[in-house]
Each structure stands twice: as structure tokens, then as C-alpha cells.
file final28.pdb (PDB, C-alpha atoms and all ligand atoms)
ATOM      1  CA  MET A   1      63.685  50.464   7.588
ATOM      2  CA  LYS A   2      61.197  52.007  10.011
ATOM      3  CA  ILE A   3      61.455  50.730  13.592
ATOM      4  CA  ALA A   4      58.591  51.498  15.952
ATOM      5  CA  MET A   5      58.583  50.834  19.655
ATOM      6  CA  THR A   6      55.983  50.811  22.393
ATOM      7  CA  GLY A   7      56.738  51.688  26.024
ATOM      8  CA  ALA A   8      59.173  54.422  24.947
ATOM      9  CA  THR A   9      58.258  56.619  27.931
ATOM     10  CA  GLY A  10      58.962  53.799  30.405
ATOM     11  CA  HIS A  11      62.173  52.918  32.213
ATOM     12  CA  LEU A  12      63.304  50.251  29.750
ATOM     13  CA  GLY A  13      61.879  51.846  26.606
ATOM     14  CA  ARG A  14      63.572  55.174  27.241
ATOM     15  CA  LEU A  15      66.942  53.403  27.395
ATOM     16  CA  VAL A  16      66.253  51.473  24.176
ATOM     17  CA  ALA A  17      65.226  54.687  22.415
ATOM     18  CA  GLN A  18      68.412  56.389  23.611
ATOM     19  CA  ALA A  19      70.481  53.447  22.347
ATOM     20  CA  LEU A  20      68.801  53.678  18.926
ATOM     21  CA  VAL A  21      69.425  57.434  18.815
ATOM     22  CA  ARG A  22      73.085  56.949  19.835
ATOM     23  CA  ALA A  23      73.436  54.439  17.001
ATOM     24  CA  GLY A  24      72.302  57.146  14.576
ATOM     25  CA  GLY A  25      68.832  55.677  14.074
ATOM     26  CA  ALA A  26      66.623  58.554  15.294
ATOM     27  CA  ALA A  27      65.183  59.285  11.856
ATOM     28  CA  GLN A  28      64.208  55.629  11.373
ATOM     29  CA  THR A  29      62.594  55.307  14.825
ATOM     30  CA  SER A  30      59.006  55.956  15.890
ATOM     31  CA  ALA A  31      57.934  55.965  19.523
ATOM     32  CA  ILE A  32      54.362  54.783  20.027
ATOM     33  CA  VAL A  33      53.156  56.370  23.258
ATOM     34  CA  ARG A  34      49.845  57.031  24.954
ATOM     35  CA  GLN A  35      51.018  60.364  26.415
ATOM     36  CA  PRO A  36      52.962  62.172  23.666
ATOM     37  CA  GLU A  37      53.849  65.033  26.027
ATOM     38  CA  LYS A  38      55.980  62.570  28.018
ATOM     39  CA  ALA A  39      58.068  61.888  24.887
ATOM     40  CA  ALA A  40      59.133  65.503  24.215
ATOM     41  CA  ASN A  41      62.803  64.636  24.778
ATOM     42  CA  LEU A  42      62.590  61.878  22.175
ATOM     43  CA  ALA A  43      60.988  64.252  19.683
ATOM     44  CA  GLU A  44      63.816  66.710  20.344
ATOM     45  CA  ALA A  45      66.300  63.940  19.579
ATOM     46  CA  GLY A  46      64.650  63.422  16.183
ATOM     47  CA  VAL A  47      62.438  60.431  16.993
ATOM     48  CA  GLU A  48      58.953  60.559  15.498
ATOM     49  CA  VAL A  49      56.343  60.361  18.250
ATOM     50  CA  ARG A  50      53.062  58.647  17.380
ATOM     51  CA  TYR A  51      49.999  58.283  19.578
ATOM     52  CA  GLY A  52      49.057  54.702  20.411
ATOM     53  CA  ASP A  53      47.214  53.245  23.399
ATOM     54  CA  TYR A  54      46.981  49.505  24.118
ATOM     55  CA  ASP A  55      43.387  50.160  25.192
ATOM     56  CA  ALA A  56      42.464  51.861  21.907
ATOM     57  CA  PRO A  57      43.099  49.359  19.078
ATOM     58  CA  ALA A  58      42.245  51.890  16.346
ATOM     59  CA  SER A  59      45.104  54.078  17.558
ATOM     60  CA  LEU A  60      47.495  51.136  17.239
ATOM     61  CA  ALA A  61      46.479  50.467  13.644
ATOM     62  CA  GLU A  62      47.239  54.082  12.773
ATOM     63  CA  ALA A  63      50.482  54.172  14.777
ATOM     64  CA  LEU A  64      51.852  51.075  12.993
ATOM     65  CA  ARG A  65      51.534  52.487   9.483
ATOM     66  CA  ASP A  66      54.700  51.931   7.363
ATOM     67  CA  VAL A  67      56.489  50.161  10.191
ATOM     68  CA  SER A  68      58.761  47.253   9.285
ATOM     69  CA  ALA A  69      59.954  46.191  12.750
ATOM     70  CA  LEU A  70      58.051  46.657  15.995
ATOM     71  CA  LEU A  71      59.621  46.499  19.435
ATOM     72  CA  PHE A  72      56.685  45.527  21.596
ATOM     73  CA  ILE A  73      57.533  46.169  25.249
ATOM     74  CA  SER A  74      55.057  44.218  27.361
ATOM     75  CA  SER A  75      52.318  46.220  29.078
ATOM     76  CA  PRO A  76      52.637  47.010  32.808
ATOM     77  CA  GLU A  77      48.874  46.395  33.311
ATOM     78  CA  ARG A  78      48.371  44.365  36.505
ATOM     79  CA  ASP A  79      45.191  42.549  35.494
ATOM     80  CA  ASP A  80      46.403  39.686  33.320
ATOM     81  CA  THR A  81      43.078  39.287  31.499
ATOM     82  CA  ILE A  82      43.254  42.902  30.371
ATOM     83  CA  ARG A  83      46.986  42.621  29.719
ATOM     84  CA  LEU A  84      46.621  39.588  27.441
ATOM     85  CA  ARG A  85      43.863  41.387  25.550
ATOM     86  CA  GLN A  86      46.114  44.434  25.132
ATOM     87  CA  HIS A  87      48.937  42.200  23.903
ATOM     88  CA  ARG A  88      46.685  40.386  21.413
ATOM     89  CA  ASP A  89      45.447  43.744  20.132
ATOM     90  CA  VAL A  90      49.001  44.932  19.518
ATOM     91  CA  ILE A  91      49.862  41.718  17.665
ATOM     92  CA  GLY A  92      46.639  41.914  15.621
ATOM     93  CA  ALA A  93      47.311  45.554  14.742
ATOM     94  CA  ALA A  94      50.863  44.673  13.681
ATOM     95  CA  GLN A  95      49.519  41.906  11.419
ATOM     96  CA  ALA A  96      46.896  44.185   9.895
ATOM     97  CA  ALA A  97      49.417  46.986   9.296
ATOM     98  CA  GLY A  98      51.843  44.665   7.497
ATOM     99  CA  VAL A  99      54.618  44.908  10.081
ATOM    100  CA  ARG A 100      57.323  42.452   9.059
ATOM    101  CA  ARG A 101      58.926  41.554  12.393
ATOM    102  CA  ILE A 102      57.892  41.861  16.003
ATOM    103  CA  VAL A 103      60.426  41.896  18.845
ATOM    104  CA  TYR A 104      58.732  41.134  22.152
ATOM    105  CA  THR A 105      60.004  41.526  25.733
ATOM    106  CA  SER A 106      58.999  38.322  27.529
ATOM    107  CA  ILE A 107      60.289  36.788  30.763
ATOM    108  CA  ALA A 108      63.353  34.584  31.296
ATOM    109  CA  TYR A 109      62.763  30.832  31.168
ATOM    110  CA  ALA A 110      59.040  31.439  30.750
ATOM    111  CA  GLU A 111      58.068  27.769  30.493
ATOM    112  CA  ARG A 112      59.864  26.899  33.750
ATOM    113  CA  GLY A 113      58.094  29.566  35.814
ATOM    114  CA  ARG A 114      54.924  29.034  37.834
ATOM    115  CA  LEU A 115      53.674  32.587  38.352
ATOM    116  CA  PRO A 116      50.671  34.044  36.482
ATOM    117  CA  LEU A 117      53.269  36.325  34.871
ATOM    118  CA  HIS A 118      54.853  33.339  33.147
ATOM    119  CA  ARG A 119      51.515  32.212  31.714
ATOM    120  CA  LEU A 120      50.848  35.736  30.455
ATOM    121  CA  HIS A 121      54.161  35.924  28.620
ATOM    122  CA  LEU A 122      53.877  32.382  27.251
ATOM    123  CA  GLY A 123      50.370  33.211  25.986
ATOM    124  CA  THR A 124      51.716  36.311  24.262
ATOM    125  CA  GLU A 125      54.665  34.423  22.754
ATOM    126  CA  GLN A 126      52.224  31.843  21.414
ATOM    127  CA  ALA A 127      50.009  34.544  19.875
ATOM    128  CA  ILE A 128      53.092  36.020  18.183
ATOM    129  CA  ARG A 129      54.227  32.644  16.830
ATOM    130  CA  GLU A 130      50.718  31.942  15.538
ATOM    131  CA  SER A 131      50.469  35.371  13.894
ATOM    132  CA  GLY A 132      52.802  34.344  11.091
ATOM    133  CA  LEU A 133      54.917  37.486  11.615
ATOM    134  CA  ALA A 134      58.669  37.153  11.793
ATOM    135  CA  TYR A 135      59.644  37.504  15.433
ATOM    136  CA  THR A 136      62.390  37.673  18.020
ATOM    137  CA  ILE A 137      61.551  36.908  21.638
ATOM    138  CA  LEU A 138      63.651  38.646  24.281
ATOM    139  CA  ARG A 139      63.111  36.800  27.535
ATOM    140  CA  ASN A 140      64.222  39.404  30.041
ATOM    141  CA  ALA A 141      65.455  38.424  33.497
ATOM    142  CA  GLY A 142      64.037  40.251  36.504
ATOM    143  CA  TYR A 143      65.566  43.722  36.716
ATOM    144  CA  LEU A 144      68.652  44.198  38.846
ATOM    145  CA  ASP A 145      66.840  46.797  40.983
ATOM    146  CA  ILE A 146      65.631  43.822  43.036
ATOM    147  CA  VAL A 147      68.857  44.358  45.018
ATOM    148  CA  ARG A 148      67.279  47.491  46.504
ATOM    149  CA  PHE A 149      64.517  45.427  48.085
ATOM    150  CA  LEU A 150      66.711  42.876  49.865
ATOM    151  CA  GLY A 151      67.507  44.910  52.987
ATOM    152  CA  VAL A 152      70.853  46.272  51.817
ATOM    153  CA  ARG A 153      70.883  49.437  53.922
ATOM    154  CA  GLU A 154      69.591  47.621  57.017
ATOM    155  CA  ALA A 155      72.387  45.090  56.563
ATOM    156  CA  ALA A 156      74.997  47.838  56.392
ATOM    157  CA  ALA A 157      73.574  49.333  59.595
ATOM    158  CA  SER A 158      73.301  46.067  61.563
ATOM    159  CA  GLY A 159      76.166  44.042  60.059
ATOM    160  CA  VAL A 160      73.776  41.197  59.170
ATOM    161  CA  LEU A 161      72.044  40.515  55.856
ATOM    162  CA  VAL A 162      69.052  38.332  56.588
ATOM    163  CA  SER A 163      67.201  35.932  54.283
ATOM    164  CA  PRO A 164      64.891  32.995  54.932
ATOM    165  CA  PRO A 165      66.703  29.620  55.017
ATOM    166  CA  GLY A 166      67.308  28.180  51.539
ATOM    167  CA  ASP A 167      69.815  28.081  48.718
ATOM    168  CA  TRP A 168      68.626  31.299  47.039
ATOM    169  CA  THR A 169      70.001  32.238  43.656
ATOM    170  CA  PHE A 170      69.547  35.404  41.582
ATOM    171  CA  ASN A 171      70.197  35.898  37.856
ATOM    172  CA  ASN A 172      69.013  39.483  37.292
ATOM    173  CA  ALA A 173      69.867  41.951  34.553
ATOM    174  CA  ALA A 174      70.184  45.736  34.389
ATOM    175  CA  ARG A 175      67.760  47.610  32.155
ATOM    176  CA  GLU A 176      70.764  49.418  30.614
ATOM    177  CA  ASP A 177      72.156  46.107  29.363
ATOM    178  CA  LEU A 178      68.771  44.780  28.265
ATOM    179  CA  ALA A 179      68.358  48.014  26.299
ATOM    180  CA  ARG A 180      71.730  47.626  24.547
ATOM    181  CA  ALA A 181      70.868  44.042  23.621
ATOM    182  CA  THR A 182      67.406  45.066  22.419
ATOM    183  CA  ALA A 183      68.789  47.822  20.206
ATOM    184  CA  ALA A 184      71.237  45.323  18.686
ATOM    185  CA  VAL A 185      68.460  42.828  17.956
ATOM    186  CA  LEU A 186      66.389  45.572  16.319
ATOM    187  CA  THR A 187      69.141  46.882  14.085
ATOM    188  CA  GLU A 188      71.196  43.789  13.203
ATOM    189  CA  ASP A 189      70.347  40.951  10.825
ATOM    190  CA  GLY A 190      70.153  37.342  11.900
ATOM    191  CA  HIS A 191      67.800  37.439  14.891
ATOM    192  CA  GLU A 192      64.586  36.287  13.211
ATOM    193  CA  GLY A 193      62.905  33.253  14.758
ATOM    194  CA  ARG A 194      65.237  33.399  17.765
ATOM    195  CA  THR A 195      64.293  33.310  21.442
ATOM    196  CA  TYR A 196      66.967  34.712  23.762
ATOM    197  CA  GLU A 197      67.222  34.214  27.528
ATOM    198  CA  LEU A 198      68.575  37.578  28.716
ATOM    199  CA  THR A 199      69.964  36.821  32.168
ATOM    200  CA  ALA A 200      73.183  37.554  34.032
ATOM    201  CA  PRO A 201      75.981  35.215  32.918
ATOM    202  CA  ARG A 202      76.403  33.951  36.516
ATOM    203  CA  VAL A 203      74.041  33.604  39.465
ATOM    204  CA  TRP A 204      74.727  35.247  42.812
ATOM    205  CA  ARG A 205      73.568  34.355  46.295
ATOM    206  CA  PRO A 206      72.796  36.307  49.511
ATOM    207  CA  ARG A 207      76.298  35.606  50.856
ATOM    208  CA  ASP A 208      77.733  37.304  47.735
ATOM    209  CA  LEU A 209      75.430  40.242  48.366
ATOM    210  CA  ALA A 210      76.669  40.471  51.986
ATOM    211  CA  ARG A 211      80.265  40.642  50.702
ATOM    212  CA  ALA A 212      79.353  43.362  48.209
ATOM    213  CA  ILE A 213      77.645  45.391  50.964
ATOM    214  CA  SER A 214      80.766  45.021  53.131
ATOM    215  CA  ALA A 215      82.971  46.293  50.336
ATOM    216  CA  ALA A 216      80.696  49.226  49.468
ATOM    217  CA  SER A 217      79.798  50.305  53.020
ATOM    218  CA  GLY A 218      83.168  49.676  54.655
ATOM    219  CA  ARG A 219      81.423  47.749  57.425
ATOM    220  CA  ARG A 220      81.705  43.967  57.920
ATOM    221  CA  VAL A 221      78.400  42.368  56.896
ATOM    222  CA  VAL A 222      77.617  38.650  57.159
ATOM    223  CA  HIS A 223      74.689  36.693  55.776
ATOM    224  CA  ARG A 224      72.402  34.861  58.180
ATOM    225  CA  ALA A 225      69.364  32.666  57.458
ATOM    226  CA  ASP A 226      66.404  33.474  59.693
ATOM    227  CA  PRO A 227      63.394  31.089  59.699
ATOM    228  CA  ASP A 228      61.180  33.953  60.901
ATOM    229  CA  MET A 229      61.954  36.089  57.887
ATOM    230  CA  HIS A 230      59.388  36.236  55.092
ATOM    231  CA  GLY A 231      58.798  38.563  52.206
ATOM    232  CA  ASP A 232      57.270  38.704  48.766
ATOM    233  CA  ILE A 233      60.565  38.342  46.952
ATOM    234  CA  TYR A 234      61.530  35.145  48.750
ATOM    235  CA  ARG A 235      57.986  33.806  48.379
ATOM    236  CA  MET A 236      58.099  34.352  44.615
ATOM    237  CA  LEU A 237      61.690  33.268  43.910
ATOM    238  CA  PRO A 238      60.971  29.510  43.961
ATOM    239  CA  LEU A 239      58.249  30.090  41.355
ATOM    240  CA  SER A 240      60.734  31.515  38.839
ATOM    241  CA  GLU A 241      63.802  29.920  37.254
ATOM    242  CA  THR A 242      66.745  31.690  38.904
ATOM    243  CA  ARG A 243      69.423  28.965  38.714
ATOM    244  CA  LEU A 244      69.847  28.781  34.966
ATOM    245  CA  VAL A 245      71.842  31.443  33.186
ATOM    246  CA  SER A 246      72.578  32.175  29.565
ATOM    247  CA  PRO A 247      75.387  33.975  27.685
ATOM    248  CA  ASP A 248      72.823  35.608  25.341
ATOM    249  CA  LEU A 249      72.655  38.982  27.087
ATOM    250  CA  GLU A 250      76.402  39.509  27.386
ATOM    251  CA  ARG A 251      76.833  38.562  23.728
ATOM    252  CA  LEU A 252      74.003  40.743  22.414
ATOM    253  CA  ALA A 253      74.897  43.705  24.637
ATOM    254  CA  GLY A 254      78.416  43.456  23.257
ATOM    255  CA  GLY A 255      80.386  43.649  26.482
ATOM    256  CA  PRO A 256      80.490  43.194  30.241
ATOM    257  CA  LEU A 257      77.195  43.601  32.070
ATOM    258  CA  ARG A 258      76.277  45.566  35.166
ATOM    259  CA  THR A 259      76.524  43.257  38.157
ATOM    260  CA  MET A 260      74.901  42.971  41.555
ATOM    261  CA  ARG A 261      78.105  44.566  42.926
ATOM    262  CA  ASP A 262      77.620  47.573  40.593
ATOM    263  CA  GLU A 263      74.061  47.952  41.862
ATOM    264  CA  VAL A 264      75.221  47.853  45.500
ATOM    265  CA  ASN A 265      77.891  50.450  44.709
ATOM    266  CA  ARG A 266      75.222  52.618  43.104
ATOM    267  CA  ILE A 267      73.106  52.377  46.275
ATOM    268  CA  PHE A 268      76.025  53.457  48.480
ATOM    269  CA  GLY A 269      77.253  56.067  46.025
ATOM    270  CA  THR A 270      80.570  54.249  45.654
ATOM    271  CA  ALA A 271      80.169  53.480  41.956
TER     272      ALA A 271
HETATM  273  P1  LIG A 301      57.465  51.024  32.956
HETATM  274  O1  LIG A 301      58.521  52.005  33.323
HETATM  275  O2  LIG A 301      56.280  50.894  33.836
HETATM  276  O3  LIG A 301      56.987  51.378  31.462
HETATM  277  C1  LIG A 301      55.791  50.890  30.948
HETATM  278  C2  LIG A 301      55.516  51.568  29.623
HETATM  279  O4  LIG A 301      54.266  51.068  29.108
HETATM  280  C3  LIG A 301      55.375  53.100  29.718
HETATM  281  O5  LIG A 301      55.969  53.697  28.586
HETATM  282  C4  LIG A 301      53.866  53.278  29.700
HETATM  283  O6  LIG A 301      53.426  54.533  29.207
HETATM  284  C5  LIG A 301      53.487  52.192  28.719
HETATM  285  N1  LIG A 301      52.059  51.890  28.808
HETATM  286  C6  LIG A 301      51.343  51.568  29.897
HETATM  287  N2  LIG A 301      50.056  51.398  29.588
HETATM  288  C7  LIG A 301      49.940  51.657  28.267
HETATM  289  C8  LIG A 301      48.861  51.682  27.350
HETATM  290  N3  LIG A 301      47.584  51.422  27.748
HETATM  291  N4  LIG A 301      49.112  51.949  26.057
HETATM  292  C9  LIG A 301      50.368  52.242  25.628
HETATM  293  N5  LIG A 301      51.438  52.242  26.450
HETATM  294  C10 LIG A 301      51.228  51.964  27.760
HETATM  295  O7  LIG A 301      58.084  49.558  32.813
HETATM  296  P2  LIG A 301      59.620  49.175  32.503
HETATM  297  O8  LIG A 301      60.388  49.157  33.758
HETATM  298  O9  LIG A 301      60.075  50.011  31.377
HETATM  299  O10 LIG A 301      59.445  47.666  32.040
HETATM  300  C11 LIG A 301      58.913  47.375  30.759
HETATM  301  C12 LIG A 301      57.917  46.230  30.893
HETATM  302  O11 LIG A 301      58.580  45.093  31.464
HETATM  303  C13 LIG A 301      56.744  46.513  31.835
HETATM  304  O12 LIG A 301      55.716  47.156  31.135
HETATM  305  C14 LIG A 301      56.361  45.124  32.316
HETATM  306  O13 LIG A 301      55.538  44.463  31.379
HETATM  307  C15 LIG A 301      57.692  44.398  32.341
HETATM  308  N6  LIG A 301      58.343  44.376  33.656
HETATM  309  C16 LIG A 301      59.445  43.609  33.758
HETATM  310  C17 LIG A 301      60.093  43.531  34.992
HETATM  311  C18 LIG A 301      61.334  42.697  35.118
HETATM  312  O14 LIG A 301      61.858  42.622  36.255
HETATM  313  N7  LIG A 301      61.840  42.104  34.047
HETATM  314  C19 LIG A 301      59.636  44.241  36.105
HETATM  315  C20 LIG A 301      58.513  45.046  35.939
HETATM  316  C21 LIG A 301      57.866  45.098  34.713
HETATM  317  P3  LIG A 301      53.167  55.778  30.203
HETATM  318  O15 LIG A 301      54.514  56.436  30.358
HETATM  319  O16 LIG A 301      52.202  56.602  29.457
HETATM  320  O17 LIG A 301      52.650  55.243  31.499
END
call {"tool": "encode", "arguments": {"input": "final28.pdb", "output": "C-alpha cells"}}
result
Amino acid sequence: MKIAMTGATGHLGRLVAQALVRAGGAAQTSAIVRQPEKAANLAEAGVEVRYGDYDAPASLAEALRDVSALLFISSPERDDTIRLRQHRDVIGAAQAAGVRRIVYTSIAYAERGRLPLHRLHLGTEQAIRESGLAYTILRNAGYLDIVRFLGVREAAASGVLVSPPGDWTFNNAAREDLARATAAVLTEDGHEGRTYELTAPRVWRPRDLARAISAASGRRVVHRADPDMHGDIYRMLPLSETRLVSPDLERLAGGPLRTMRDEVNRIFGTA
């Protein structure tokens, strides 16, 4: 069975490709990339590198030749009109090439979110369902690197982790774990027609983050709500579903997941 994947030169895709190689699947894997020179390490590992650009539909048709399963990692394009067109072109090319199954990286709890991002992913999921192809939808939580943007180092320096007032919850996932789960879905039977919510198994809150910073930095850190604090993350959080969690990721990844505490330890070099 030939597995092809897009986004193989990106942060998530590289980890999925490595997981497929580790599982002994290099010879059955093709990386569809727009800059083949960036995929030299994959070629060295035995992965076939094919040229394919979301903005050049003819290249996609050629790149999807003889492919039975396609991992379609969503485009990073910021303009959602262009991005949806790119996504539709990939799905159309997969249909035309006779790809049997498409595995798509969507966003967690897509129908509960109220950001343009949620509409984009729902629109893509709908196009996949309407395509008639077999599919698996991987609804990825926000990446765990969000921890780096919550003022962790400042908190260690001042002893106070600040957030706006509110009962904030986070349910993020590490790319490493999403990659393990994705590789399992690509290589195992039984995932057709399934939609998985790939979140952490438990939510965490700013006060938990303050405790983790204390433990990693060796300095007492407390959480304090500050009405004068604003920021993009806290503006966007209420527009995503961050309270619900699912066991799907832990099950598919086949073991314990990286946690917020692991990410904090990585930041302080105490991992
Ligand atoms: P990333 O590192 O930016 O990787 C994006 C990949 O898409 C790269 O391989 C890039 O190729 C490829 N790409 C971009 N434009 C392309 C085009 N026109 N044709 C073909 N390939 C193209 O992103 P990531 O961190 O791996 O995340 C994967 C995806 O998840 C993103 O693309 C985005 O849709 C989504 N995302 C999710 C979160 C989250 O928190 N869950 C956060 C950010 C993004 P090059 O190497 O050639 O640029």
C-alpha cells in the first residue's frame, strides 16, 4: 500500500514521516513537497520525494499517482479563501487519481468553535465527505507550544503568572503525540469513516501552569488574574472549545502523552 503525505517538510509532517520510517514503512511512503531540496533527509531515509504544490493542481495530480492513502496536512496559508481553494484542489486531485482513503488534519471540536479557522476546517471536512473517498478526520488540538506564549519566563522572574480574569482551560497536544497517532491511523485497519478529537486527556488551568513553573524553575510562582491583561491567546480562547477532552489521542498514540508540565520542563531545560 502506497501512503503519500503532504506537509512533510513542516513541523508536524516531519514527525509523521519519521514515525512511518521508524515503523519500517519508508519504501511505502511518498512525501509530496513543494521544495524537494527541503526533504533531502527523508530521501536519505528511503522515502520517495515527489513534487506537489497546493497552488499548482497539475502537480498534485501527478504526485498522487498510484497512491492508496493520502495524509493531507492542512495548508498553513493565512488567507482562508485561498486555503479552502487549495484544500478543494487536493481533494479533487485525490479523487481524480483514484486515491482510496484521505486522512485529514482538522481542528478539535470544529463545530463548536467560532473562529474563521473552524469554518475553514469544517468546509474542508464537508468537501472530503462529499467526495465519496474513504476518510479519517484527525481533529487536532492546538499545539502544546502555546505554553511558550503564556509568559512562563516572566512568571519565573517575577513570581507571578498573570492571566485575564476567567476560568481558562487548555486541552493542547504535542506534535510528537499527534504524529504517533497519525502514523497509527495511516498504517492500521479500522479507522475508515472515523472522526477523532485529538486533545489532551485532561484540561489544565493557569494555576496548574504556575505550579509547573514553580517546580521547574525552583522559584515560588503564583497565579493572579489581572483585569488589565489582554492578549491574542486569551481573546481567542473563548472562541474555541477548550473544556472538552477526548481519550482518542492517548489511545491512538499508544501511551502517555506529553503534558503541559513536560513543555514547561523543556523550556527550563529540566526535562
Ligand atoms: P508548518 O510547519 O508550517 O508546515 C506546513 C507545511 O505545509 C510545510 O511542509 C509547507 O512546505 C507545506 N506547504 C505550505 N504551502 C504549501 C503549498 N502551497 N503546497 C504544498 N505544501 C505547502 O505547520 P505544522 O506546524 O507542521 O502544522 C501543520 C498544519 O497544521 C499547518 O499547515 C496548519 O494548517 C495547521 N496548524 C495547526 C496548529 C495547531 O495548533 N493545531 C497551529 C498552526 C498550524 P514548505 O516547507 O515548503 O513551506
call {"tool": "axis_aligned_box", "arguments": {"input": "final28.pdb", "around": "ligand LIG 301 (chain A)", "padding_each_side": "8 Å", "output": "lines of an AutoDock Vina configuration file"}}
result
center_x = 54.7
center_y = 49.4
center_z = 30.9
size_x = 30.3
size_y = 30.5
size_z = 26.6
call {"tool": "residues_near_ligand", "arguments": {"input": "final28.pdb", "ligand": "ligand LIG 301 (chain A)", "cutoff": "9 Å", "atoms": "only C-alpha atoms and all ligand atoms", "output": "PyMOL selection string"}}
result
chain A and resi 6-15+32-36+38-39+51-56+60+73-78+83+86+105-108+139-146+172-173+175
call {"tool": "atom_distance", "arguments": {"input": "final28.pdb", "atom1": "atom CA of A:Arg205", "atom2": "atom CA of A:Asn171"}}
result
9.2 Å
call {"tool": "closest_atom_pairs", "arguments": {"input": "final28.pdb", "of": "stretch 202-243 of chain A", "to": "stretch 148-164 of chain A", "cutoff": "7 Å", "atoms": "all atoms listed in the file", "output": "tab-separated table"}}
result
residue	atom	partner	partner_atom	distance
A:Ala210	CA	A:Leu161	CA	6.0
A:Ile213	CA	A:Ala156	CA	6.5
A:Ser217	CA	A:Ala156	CA	6.4
A:Arg219	CA	A:Ala156	CA	6.5
A:Arg220	CA	A:Gly159	CA	5.9
A:Val221	CA	A:Gly159	CA	4.2
A:Val222	CA	A:Val160	CA	5.0
A:His223	CA	A:Leu161	CA	4.6
A:Arg224	CA	A:Val162	CA	5.1
A:Ala225	CA	A:Ser163	CA	5.0
A:Asp226	CA	A:Pro164	CA	5.0
A:Pro227	CA	A:Pro164	CA	5.3
A:Met229	CA	A:Pro164	CA	5.2
A:His230	CA	A:Pro164	CA	6.4
call {"tool": "resolve_selection", "arguments": {"input": "final28.pdb", "expression": "the PyMOL selection byres (((chain A and resi 246-249) around 6) and not hetatm)", "output": "number ranges by chain"}}
result
A: 198-199, 201, 245, 250-253
call {"tool": "closest_residue", "arguments": {"input": "final28.pdb", "among": "A:Glu37, A:Glu197, A:Glu176, A:Glu111", "to": "A:Ala19", "atoms": "all atoms listed in the file"}}
result
A:Glu176
call {"tool": "atom_distance", "arguments": {"input": "final28.pdb", "atom1": "atom CA of A:Pro57", "atom2": "atom CA of A:Ala96"}}
result
11.2 Å
call {"tool": "residues_around", "arguments": {"input": "final28.pdb", "residues": "A:Ala134", "least_positions_apart": "3", "cutoff": "9 Å", "atoms": "only C-alpha atoms", "output": "VMD selection string"}}
result
chain A and resid 99 to 103 128 to 129 131 192 to 193
call {"tool": "atom_distance", "arguments": {"input": "final28.pdb", "atom1": "atom CA of A:Arg211", "atom2": "atom CA of A:Arg261"}}
result
9.0 Å
call {"tool": "residues_around", "arguments": {"input": "final28.pdb", "residues": "A:Ser240", "least_positions_apart": "3", "cutoff": "8 Å", "atoms": "all atoms listed in the file", "output": "JSON, numbers by chain"}}
result
{"A": [109, 112, 113, 114, 115, 236, 237]}
call {"tool": "write_last_selection", "arguments": {"input": "final28.pdb", "atoms": "C-alpha atoms", "output": "CSV table (one decimal), in the coordinates of the input"}}
result
chain,number,residue,atom,x,y,z
A,109,TYR,CA,62.8,30.8,31.2
A,112,ARG,CA,59.9,26.9,33.8
A,113,GLY,CA,58.1,29.6,35.8
A,114,ARG,CA,54.9,29.0,37.8
A,115,LEU,CA,53.7,32.6,38.4
A,236,MET,CA,58.1,34.4,44.6
A,237,LEU,CA,61.7,33.3,43.9
call {"tool": "closest_residue", "arguments": {"input": "final28.pdb", "among": "A:Leu244, A:Ala63, A:Ile233, A:Ala216", "to": "A:Arg202", "atoms": "all atoms listed in the file"}}
result
A:Leu244
call {"tool": "closest_residue", "arguments": {"input": "final28.pdb", "among": "A:Ala40, A:Ala97, A:Ile91, A:Leu186", "to": "A:Leu138", "atoms": "all atoms listed in the file"}}
result
A:Leu186
call {"tool": "residues_around", "arguments": {"input": "final28.pdb", "residues": "A:Arg258", "least_positions_apart": "5", "cutoff": "8 Å", "atoms": "only C-alpha atoms", "output": "ChimeraX atom specification"}}
result
/A:173-174,177,263
call {"tool": "resolve_selection", "arguments": {"input": "final28.pdb", "expression": "the PyMOL selection byres (((chain A and resi 167) around 9) and not hetatm)", "output": "JSON, numbers by chain"}}
result
{"A": [165, 166, 168, 169, 205, 206]}
call {"tool": "closest_residue", "arguments": {"input": "final28.pdb", "among": "A:Arg243, A:Arg119, A:Arg194, A:Arg266", "to": "A:Ala212", "atoms": "only C-alpha atoms"}}
result
A:Arg266
call {"tool": "resolve_selection", "arguments": {"input": "final28.pdb", "expression": "the PyMOL selection byres (((chain A and resi 3) around 12) and not hetatm)", "output": "MDAnalysis selection string"}}
result
chainID A and resid 1:2 4:6 16:17 20:21 25:32 47:49 63:72 99:103 183 185:188
call {"tool": "decode", "arguments": {"input": "final28.pdb", "residues": "stretch 15-29 of chain A", "atoms": "C-alpha atoms", "output": "compact mmCIF listing (two decimals), in the first residue's frame"}}
result
# COMPACT_ATOMS: atom_id res chain seq x y z
CA LEU A 15 7.44 13.90 12.76
CA VAL A 16 4.81 11.79 10.99
CA ALA A 17 7.32 10.87 8.27
CA GLN A 18 9.86 9.88 10.92
CA ALA A 19 7.24 7.74 12.67
CA LEU A 20 6.42 5.97 9.39
CA VAL A 21 10.12 5.38 8.72
CA ARG A 22 10.64 4.05 12.28
CA ALA A 23 7.75 1.65 11.69
CA GLY A 24 9.62 0.28 8.67
CA GLY A 25 7.37 1.98 6.12
CA ALA A 26 9.90 4.17 4.25
CA ALA A 27 9.61 2.24 1.00
CA GLN A 28 5.80 2.55 1.03
CA THR A 29 5.84 6.30 1.80
